[in-house]
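Novice: Encoded as structure tokens, here's the structure I'll be asking about.
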Amino acid sequence: MPDLKPDLIRLDGDRAPVRRVVELLRAAGGHPYMVGGCVRDALLGAKVVDVDIEVYGLGTREIESALRKEFGIITVGAAFGVTKLKDFPVDVSVPRRENRTGAKHTDFDVQADPTMTPKDAAERRDFTLNAVMWNPFTGEIVDPWGGVADLQAGVLRHVSEKFSEDPLRVLRAMQFAARFEFTVAPETVALCASLSQDNLPPERLMEEWTKLILRGRKPSVGLAFLKDCGWTKFYPELHAMIGVPQDSEWHPEGDVWNHTCACLDAFAEIRVGDRDEDLIIGLSVLLHDIGKATTTKKEKDDRWHAYGHEEESFNLAPRFLAQITREAKLIDSVLPLVRWHGQPYYLHKAGAGDAAVRRLANKVVRIDRLCRVDLADRRGRGAASMHGPSPHGEWLAERAAALQIASTAPKKIILGRHLIAMGHKPAGWFSQILDEAFEAQLDGIFSDEASGLVWLKERMSHEAV
């Protein structure tokens, strides 16, 4: 584990004025410490992107007065004692006391208290690895709760019983375990098992699920913790996958839960670094087989099958998504990928033609996304498939690229304006003709406006409207 140095506590890729900030705070009579994630990441040798500074001996107004000499600032509520620097992801805060006053996540009494000791202030933090402090002037590491030892051992451990005041910390444990591939201490698992996510709003849940999907090196580690502490019960669509058998020839990795975990690990290896794209694919992979819980049966061949699970997954997915997000666009992007995730295999096996590929593109909009889901799905089928390509996915990607529909649905060539240009007044029968035109286009009967108009004129000549 590397030693902390001043250059490590800075914004990654940008020598942000952190040194000047702490100098101004000390000159004003304060005692600033680097705290939280920036210290943790520096100790791990990871990139430091955000900087949190906690100041002892100064109130919020004194901090603002000191920083205003050289920086633009944003105050985040006097009671919370947090001041943000404009143009830099640097937060400066006063130690604060937090006491739960009710069941809701907003039911907290928060009071800034610059007279607190570092140990008392650190007690409100979630995990010991986030309760380590660093003095940028002396180089002293203040570690009242044993966070450095837990970092070295790769263990997530709660700081104190105050952990239970915010049940969202259970999902924080989930995403931290996945990001760092850490185990969770048995006493922390037991404490998490006693908590409930009732009264937590979707946007707070989504923050942690997003970090699991976008930043988890091994999402399976986070999901295994969720299972161990019993929190899968709050996500019945996921919980139902546990223990659902699969055919061992196709799925040597085990049950549907194991398969989904392996698929998410495979997905983590092919993330592209775009928040929206990766979140869409990650959620689709998470949910693609939830329908197997109700469709899996041992058939006459004495093998397990899950006929119709794609449609069932599609039917179940909205309930899970509604728990964690209100982003309609995100949900609309995920659902068709869940519904049609088996199509790359089926079309390739059937030797499907261009018409079938066009129709699939019309259903999923983004075949390139579907192929990414397919790749994760294939690589989640036992060790032998973990790093190889997907033959059917590659075939579909090539066909879609040749048809210029890899990243977009086919656009309708013949529109109402073409009928109007032929002298027809808008009427209800337009929709029938336009639907027929689009079907002909998908079948490859025409591929551009000129040939489409030829088709339209011939079609209209066969029927007086």
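Each chain in the structure tokens gets a letter, A, B and so on, in the order shown; residues start at 1 in every chain, and ligands are counted from 1 in the order they appear.
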Which parts of stretch 198-318 of chain A does DSSP call strand (DSSP E) when run on the backbone here, written out as an NGL selection string?

Specialist: :A and (297-298 or 304-305)

Novice: Keeping C-alpha atoms for every residue in the selection just given, could you write it to a file as a short mmCIF file (atom, residue, chain, number, x, y, z; two decimals), in the first residue's frame?

Specialist:
```
data_model
loop_
_atom_site.label_atom_id
_atom_site.label_comp_id
_atom_site.auth_asym_id
_atom_site.auth_seq_id
_atom_site.Cartn_x
_atom_site.Cartn_y
_atom_site.Cartn_z
CA LYS A 297 -39.50 -26.82 -16.21
CA LYS A 298 -38.05 -30.27 -16.76
CA TRP A 304 -34.41 -28.22 -17.83
CA HIS A 305 -35.88 -25.67 -20.24
#
```

Novice: If you run DSSP on the backbone, which residues of stretch 195-388 of chain A are helix (DSSP H, G or I), as JSON, numbers by chain?

Specialist: {"A": [202, 203, 204, 205, 206, 207, 208, 209, 210, 211, 212, 213, 214, 215, 219, 220, 221, 222, 223, 224, 225, 226, 227, 228, 231, 232, 233, 234, 236, 237, 238, 239, 256, 257, 258, 259, 260, 261, 262, 263, 264, 265, 266, 267, 268, 269, 275, 276, 277, 278, 279, 280, 281, 282, 283, 284, 285, 286, 287, 292, 293, 294, 295, 309, 310, 311, 312, 313, 314, 315, 316, 317, 318, 319, 320, 321, 322, 323, 324, 328, 329, 330, 331, 332, 333, 334, 335, 336, 337, 338, 339, 343, 344, 345, 346, 347, 348, 349, 350, 354, 355, 356, 357, 358, 359, 360, 361, 362, 363, 364, 367, 368, 369, 370, 371, 372, 373, 374, 375, 376, 377, 378, 379, 383, 384, 385]}

Novice: Could you list, as number ranges by chain, every residue within 10 Å of A:Thr210, counting only C-alpha atoms and ignoring same-chain residues fewer than 5 positions away?

Specialist: A: 175, 205, 215-216, 275, 278-279, 282-283, 324

Novice: Which one is closest to A:Leu151: A:Arg40, A:Arg96, A:Arg326, A:Arg20? Count only C-alpha atoms.

Specialist: A:Arg40

Novice: Leaving out A:Ser196 and any residue of its chain fewer than 3 positions from it, which residues lie within 10 Å of it when counting only C-alpha atoms, given as a list in words?

Specialist: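 My reading of the contact set: Ser164, Asp166, Pro167, Leu168, Val170, Cys192, Ala193, Asn199, Leu200, Gly230, Trp231, Lys233 and Phe234 of chain A.
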
Novice: Excluding same-chain residues fewer than 6 positions from stretch 358-374 of chain A, what lies within 10 Å of it counting only C-alpha atoms, as an mmCIF file with N, CA and C atoms, in the first residue's frame?

Specialist:
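Final output, part.cif:
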```cif
data_model
loop_
_atom_site.group_PDB
_atom_site.id
_atom_site.type_symbol
_atom_site.label_atom_id
_atom_site.label_comp_id
_atom_site.auth_asym_id
_atom_site.auth_seq_id
_atom_site.Cartn_x
_atom_site.Cartn_y
_atom_site.Cartn_z
ATOM 1 N N CYS A 263 -22.663 -13.267 -15.850
ATOM 2 C CA CYS A 263 -22.916 -12.379 -16.989
ATOM 3 C C CYS A 263 -22.553 -10.936 -16.647
ATOM 4 N N LEU A 264 -22.873 -10.512 -15.437
ATOM 5 C CA LEU A 264 -22.533 -9.146 -15.035
ATOM 6 C C LEU A 264 -21.025 -8.952 -14.927
ATOM 7 N N ALA A 266 -18.883 -10.533 -16.758
ATOM 8 C CA ALA A 266 -18.458 -10.454 -18.158
ATOM 9 C C ALA A 266 -18.773 -9.082 -18.735
ATOM 10 N N PHE A 267 -19.940 -8.549 -18.414
ATOM 11 C CA PHE A 267 -20.296 -7.204 -18.861
ATOM 12 C C PHE A 267 -19.294 -6.169 -18.362
ATOM 13 N N ILE A 270 -16.476 -5.490 -20.596
ATOM 14 C CA ILE A 270 -16.691 -4.912 -21.928
ATOM 15 C C ILE A 270 -17.397 -3.558 -21.851
ATOM 16 N N ARG A 271 -17.379 -2.928 -20.654
ATOM 17 C CA ARG A 271 -17.952 -1.581 -20.561
ATOM 18 C C ARG A 271 -17.202 -0.635 -21.493
ATOM 19 N N GLU A 277 -24.872 4.332 -21.983
ATOM 20 C CA GLU A 277 -24.750 3.061 -22.694
ATOM 21 C C GLU A 277 -24.503 1.910 -21.733
ATOM 22 N N ASP A 278 -23.549 2.093 -20.835
ATOM 23 C CA ASP A 278 -23.214 1.003 -19.923
ATOM 24 C C ASP A 278 -24.340 0.713 -18.944
ATOM 25 N N ILE A 280 -27.575 1.075 -19.517
ATOM 26 C CA ILE A 280 -28.607 0.353 -20.270
ATOM 27 C C ILE A 280 -28.224 -1.113 -20.428
ATOM 28 N N ILE A 281 -26.995 -1.372 -20.839
ATOM 29 C CA ILE A 281 -26.560 -2.753 -21.052
ATOM 30 C C ILE A 281 -26.497 -3.501 -19.718
ATOM 31 N N GLY A 282 -25.942 -2.861 -18.702
ATOM 32 C CA GLY A 282 -25.812 -3.521 -17.407
ATOM 33 C C GLY A 282 -27.147 -3.923 -16.806
ATOM 34 N N LEU A 283 -28.119 -3.019 -16.856
ATOM 35 C CA LEU A 283 -29.449 -3.356 -16.328
ATOM 36 C C LEU A 283 -30.115 -4.446 -17.168
ATOM 37 N N SER A 284 -29.904 -4.408 -18.473
ATOM 38 C CA SER A 284 -30.470 -5.443 -19.342
ATOM 39 C C SER A 284 -29.882 -6.811 -19.013
ATOM 40 N N VAL A 285 -28.577 -6.844 -18.767
ATOM 41 C CA VAL A 285 -27.927 -8.101 -18.400
ATOM 42 C C VAL A 285 -28.441 -8.586 -17.043
ATOM 43 N N LEU A 286 -28.592 -7.682 -16.097
ATOM 44 C CA LEU A 286 -29.090 -8.042 -14.770
ATOM 45 C C LEU A 286 -30.468 -8.690 -14.837
ATOM 46 N N HIS A 288 -32.090 -9.970 -17.734
ATOM 47 C CA HIS A 288 -32.443 -10.700 -18.949
ATOM 48 C C HIS A 288 -33.053 -12.075 -18.677
ATOM 49 N N ASP A 332 -37.299 2.507 -21.113
ATOM 50 C CA ASP A 332 -37.706 2.198 -22.488
ATOM 51 C C ASP A 332 -36.565 1.610 -23.310
ATOM 52 N N SER A 333 -35.334 1.929 -22.945
ATOM 53 C CA SER A 333 -34.179 1.384 -23.667
ATOM 54 C C SER A 333 -33.839 -0.022 -23.201
ATOM 55 N N VAL A 334 -34.087 -0.303 -21.926
ATOM 56 C CA VAL A 334 -33.733 -1.605 -21.360
ATOM 57 C C VAL A 334 -34.720 -2.693 -21.775
ATOM 58 N N LEU A 335 -36.012 -2.391 -21.721
ATOM 59 C CA LEU A 335 -37.029 -3.432 -21.890
ATOM 60 C C LEU A 335 -36.938 -4.201 -23.209
ATOM 61 N N PRO A 336 -36.765 -3.557 -24.364
ATOM 62 C CA PRO A 336 -36.677 -4.360 -25.587
ATOM 63 C C PRO A 336 -35.438 -5.250 -25.642
ATOM 64 N N LEU A 337 -34.355 -4.837 -24.995
ATOM 65 C CA LEU A 337 -33.160 -5.683 -24.966
ATOM 66 C C LEU A 337 -33.416 -6.932 -24.128
ATOM 67 N N VAL A 338 -34.163 -6.765 -23.043
ATOM 68 C CA VAL A 338 -34.537 -7.916 -22.225
ATOM 69 C C VAL A 338 -35.457 -8.848 -23.024
ATOM 70 N N ARG A 339 -36.439 -8.255 -23.701
ATOM 71 C CA ARG A 339 -37.436 -9.066 -24.428
ATOM 72 C C ARG A 339 -36.814 -9.880 -25.553
ATOM 73 N N TRP A 340 -35.867 -9.311 -26.262
ATOM 74 C CA TRP A 340 -35.360 -9.969 -27.474
ATOM 75 C C TRP A 340 -33.918 -10.440 -27.341
ATOM 76 N N HIS A 341 -33.441 -10.636 -26.114
ATOM 77 C CA HIS A 341 -32.023 -10.971 -25.941
ATOM 78 C C HIS A 341 -31.643 -12.317 -26.550
ATOM 79 N N GLY A 342 -32.605 -13.195 -26.774
ATOM 80 C CA GLY A 342 -32.286 -14.485 -27.382
ATOM 81 C C GLY A 342 -32.247 -14.476 -28.893
ATOM 82 N N GLN A 343 -32.635 -13.379 -29.514
ATOM 83 C CA GLN A 343 -32.744 -13.346 -30.975
ATOM 84 C C GLN A 343 -31.427 -13.515 -31.728
ATOM 85 N N PRO A 344 -30.307 -12.975 -31.254
ATOM 86 C CA PRO A 344 -29.065 -13.237 -31.994
ATOM 87 C C PRO A 344 -28.816 -14.725 -32.205
ATOM 88 N N TYR A 345 -29.046 -15.524 -31.172
ATOM 89 C CA TYR A 345 -28.855 -16.979 -31.292
ATOM 90 C C TYR A 345 -29.868 -17.586 -32.250
ATOM 91 N N LEU A 347 -31.816 -16.241 -34.641
ATOM 92 C CA LEU A 347 -31.717 -15.826 -36.044
ATOM 93 C C LEU A 347 -30.514 -16.464 -36.721
ATOM 94 N N GLY A 380 -21.176 -15.538 -19.745
ATOM 95 C CA GLY A 380 -21.611 -15.931 -18.418
ATOM 96 C C GLY A 380 -21.988 -17.398 -18.329
ATOM 97 N N PRO A 389 -15.499 -14.905 -28.257
ATOM 98 C CA PRO A 389 -16.526 -14.109 -28.944
ATOM 99 C C PRO A 389 -17.852 -14.863 -28.967
ATOM 100 N N SER A 390 -18.881 -14.189 -29.388
ATOM 101 C CA SER A 390 -20.182 -14.819 -29.599
ATOM 102 C C SER A 390 -20.394 -14.948 -31.093
ATOM 103 N N HIS A 392 -22.900 -15.957 -32.919
ATOM 104 C CA HIS A 392 -24.173 -15.431 -33.416
ATOM 105 C C HIS A 392 -24.240 -13.915 -33.235
ATOM 106 N N GLY A 393 -23.637 -13.389 -32.173
ATOM 107 C CA GLY A 393 -23.611 -11.946 -31.997
ATOM 108 C C GLY A 393 -22.780 -11.256 -33.067
ATOM 109 N N GLU A 394 -21.638 -11.854 -33.385
ATOM 110 C CA GLU A 394 -20.786 -11.273 -34.432
ATOM 111 C C GLU A 394 -21.486 -11.326 -35.785
ATOM 112 N N TRP A 395 -22.155 -12.441 -36.051
ATOM 113 C CA TRP A 395 -22.897 -12.559 -37.309
ATOM 114 C C TRP A 395 -23.970 -11.477 -37.405
ATOM 115 N N LEU A 396 -24.738 -11.296 -36.332
ATOM 116 C CA LEU A 396 -25.799 -10.295 -36.352
ATOM 117 C C LEU A 396 -25.237 -8.894 -36.486
ATOM 118 N N ALA A 397 -24.143 -8.616 -35.793
ATOM 119 C CA ALA A 397 -23.526 -7.285 -35.883
ATOM 120 C C ALA A 397 -23.079 -6.989 -37.311
ATOM 121 N N GLU A 398 -22.510 -7.981 -37.975
ATOM 122 C CA GLU A 398 -22.057 -7.799 -39.362
ATOM 123 C C GLU A 398 -23.237 -7.545 -40.295
ATOM 124 N N ARG A 399 -24.330 -8.312 -40.118
ATOM 125 C CA ARG A 399 -25.500 -8.122 -40.972
ATOM 126 C C ARG A 399 -26.121 -6.744 -40.745
ATOM 127 N N ALA A 400 -26.219 -6.348 -39.496
ATOM 128 C CA ALA A 400 -26.803 -5.042 -39.186
ATOM 129 C C ALA A 400 -25.952 -3.913 -39.736
ATOM 130 N N ALA A 401 -24.644 -4.055 -39.641
ATOM 131 C CA ALA A 401 -23.754 -3.017 -40.179
ATOM 132 C C ALA A 401 -23.900 -2.910 -41.693
ATOM 133 N N LEU A 403 -26.477 -3.527 -43.413
ATOM 134 C CA LEU A 403 -27.787 -2.936 -43.710
ATOM 135 C C LEU A 403 -27.923 -1.521 -43.150
ATOM 136 N N GLN A 404 -26.857 -1.049 -42.490
ATOM 137 C CA GLN A 404 -26.812 0.303 -41.912
ATOM 138 C C GLN A 404 -27.891 0.516 -40.844
ATOM 139 N N ILE A 405 -28.113 -0.524 -40.045
ATOM 140 C CA ILE A 405 -29.099 -0.425 -38.970
ATOM 141 C C ILE A 405 -28.513 -0.933 -37.655
ATOM 142 N N ALA A 406 -27.193 -0.853 -37.500
ATOM 143 C CA ALA A 406 -26.572 -1.357 -36.276
ATOM 144 C C ALA A 406 -26.935 -0.504 -35.064
ATOM 145 N N SER A 407 -27.044 0.804 -35.250
ATOM 146 C CA SER A 407 -27.278 1.697 -34.112
ATOM 147 C C SER A 407 -28.548 2.519 -34.266
ATOM 148 N N THR A 408 -29.415 2.087 -35.154
ATOM 149 C CA THR A 408 -30.676 2.815 -35.334
ATOM 150 C C THR A 408 -31.728 1.882 -35.911
ATOM 151 N N ALA A 409 -32.969 2.161 -35.602
ATOM 152 C CA ALA A 409 -34.057 1.384 -36.209
ATOM 153 C C ALA A 409 -34.244 1.829 -37.655
ATOM 154 N N PRO A 410 -34.758 0.955 -38.508
ATOM 155 C CA PRO A 410 -35.030 1.368 -39.891
ATOM 156 C C PRO A 410 -35.994 2.554 -39.912
ATOM 157 N N LYS A 411 -35.659 3.559 -40.680
ATOM 158 C CA LYS A 411 -36.526 4.736 -40.795
ATOM 159 C C LYS A 411 -37.508 4.536 -41.948
ATOM 160 N N GLU A 439 -43.834 -2.574 -44.175
ATOM 161 C CA GLU A 439 -43.601 -4.014 -44.243
ATOM 162 C C GLU A 439 -42.830 -4.378 -45.509
ATOM 163 N N GLN A 441 -40.845 -2.411 -47.112
ATOM 164 C CA GLN A 441 -39.483 -1.901 -46.912
ATOM 165 C C GLN A 441 -38.665 -2.885 -46.075
ATOM 166 N N LEU A 442 -39.242 -3.382 -44.982
ATOM 167 C CA LEU A 442 -38.532 -4.351 -44.138
ATOM 168 C C LEU A 442 -38.238 -5.634 -44.890
ATOM 169 N N ASP A 443 -39.125 -6.005 -45.801
ATOM 170 C CA ASP A 443 -38.904 -7.204 -46.612
ATOM 171 C C ASP A 443 -37.841 -7.000 -47.687
ATOM 172 N N GLY A 444 -37.412 -5.766 -47.877
ATOM 173 C CA GLY A 444 -36.383 -5.482 -48.870
ATOM 174 C C GLY A 444 -36.918 -5.271 -50.265
#
```

Novice: If you count only C-alpha atoms, which residues fall within 12 Å of A:Gly81, apart from same-chain ones fewer than 3 positions away, as number ranges by chain?

Specialist: A: 53-56, 58-64, 74-78, 84, 91-98, 110-114

Novice: Which neighbours of A:Phe182 fall inside 10 Å, counting only C-alpha atoms, when residues of the same chain fewer than 6 positions from it are skipped, and could you give them as a list in words?

Specialist: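 So, after excluding close chain neighbours, the residues are Asp150, Leu151, Ala153, Gly154, Val155, Leu156, Ala173, Met174, Phe176, Lys218, Val221 and Gly222 of chain A.
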